[in-house]
Every structure is written in C-alpha cells, then in structure tokens.
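Read through the structure below, which is laid out as structure tokens, and then see the notes.
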Amino acid sequence: MPRTALRRGALADRRGTGAAGLGLSGAAGFYGPPRFLGDRTAQPSAPLLMLLAGDDVATTSQGYSKLFAAFDRAGKEYEAHTYEGAPHSFFDASYGQWRKACTDAWHRLLAFTARQDGEVDR
C-alpha cells in the first residue's frame, strides 16, 4: 500500500533524508532549511510537496530557489507553493492570522496525498 509522509515540520531533517529510501509514495513539508539536504538533492525517491512561508526568516526564498534548481538538475518530482508574507510556522503557531493560507495549504496537502495514495479520506 502506498504511504505518504505528512510532516508538520521540516522537509528534511538534519541528516538530510527527506523522502530518500523510506518506501514512501510522497512526502510533504512546511519548512526546513535547504542546507540540511546539502549535496543530497538527488536522493529523494518520492515526489515532494513543499508549502513554504514567504517571510520565513529561517529559510530565505533564495535558499529555496537554489534547492529547486538542484532538484531540477537531478530530475526530481516536486511541487512548491509559497505563501507570500507568511511567517515561519504559519500553519500552526499563527493559524488565526493566516487562515486563508492555511486553508489553501491544507487543501493542497489533501490533494497531494490523494494523488500519491490514490484515494481521498474525507
């Protein structure tokens, strides 16, 4: 049965594993410094969904631009959506202020999961 990892936290942990070799059908993350992946951008073995805060002081848009370029060079499947003006942790700590972005992110997450797992749980 396909499995999709849904992590509220980082796209990749400090070991840079992300969706590499875990038998997942997809992985989703809301933030995580691209530097954690380092030169391992070719390792993710499943499609990635990245829901990013546009005003995240921990991770700049330039950092993600470099990451996207590396994924493109490696031929990795990913989907990235940036919520302009949203701060780090917009999906949980400041949900009330970012309700529209959170709602959009949630719907994108459900759609991604359905595409990867082949079903929707409603």
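Scheme for the structure tokens: letters A, B, ... for chains in order shown; per-chain residue numbers from 1; ligand numbers from 1 in order shown.
Residues in contact with A:Arg108 at 10 Å, where only C-alpha atoms are counted and same-chain residues fewer than 3 positions away are skipped, are listed as Leu49, Met50, Leu51, Glu79, His81, Cys102, Thr103, Asp104, Ala105, Ala111, Phe112, Thr113 and Ala114 of chain A.
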Worksheet, complete the sentence: As a check of understanding: the span from atom CA of A:Lys100 to atom CA of A:Pro33 is 24.1 Å
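Between A:Ser61 and the residues A:Arg99, A:Tyr83, A:Leu109, A:Gly75, the shortest atom-to-atom distance, using only C-alpha atoms, involves A:Tyr83.
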Discussion item. What's around A:Ala101 at 10 Å? Count only C-alpha atoms, leave out sequence neighbours fewer than 3 positions away in its own chain, and write the answer as an NGL selection string.
Written reply: :A and (51 or 53 or 82-84 or 86 or 90-91 or 95 or 97-98 or 104-107)
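Reported to one decimal place, the separation of atom CA of A:Ala58 from atom CA of A:Pro87 is 9.5 Å.
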Discussion item. As an NGL selection string, please: the residues near A:Phe71 (cut-off 7 Å, only C-alpha atoms, same-chain neighbours under 4 positions excluded).
Written reply: :A and (41-42 or 67 or 75-76)
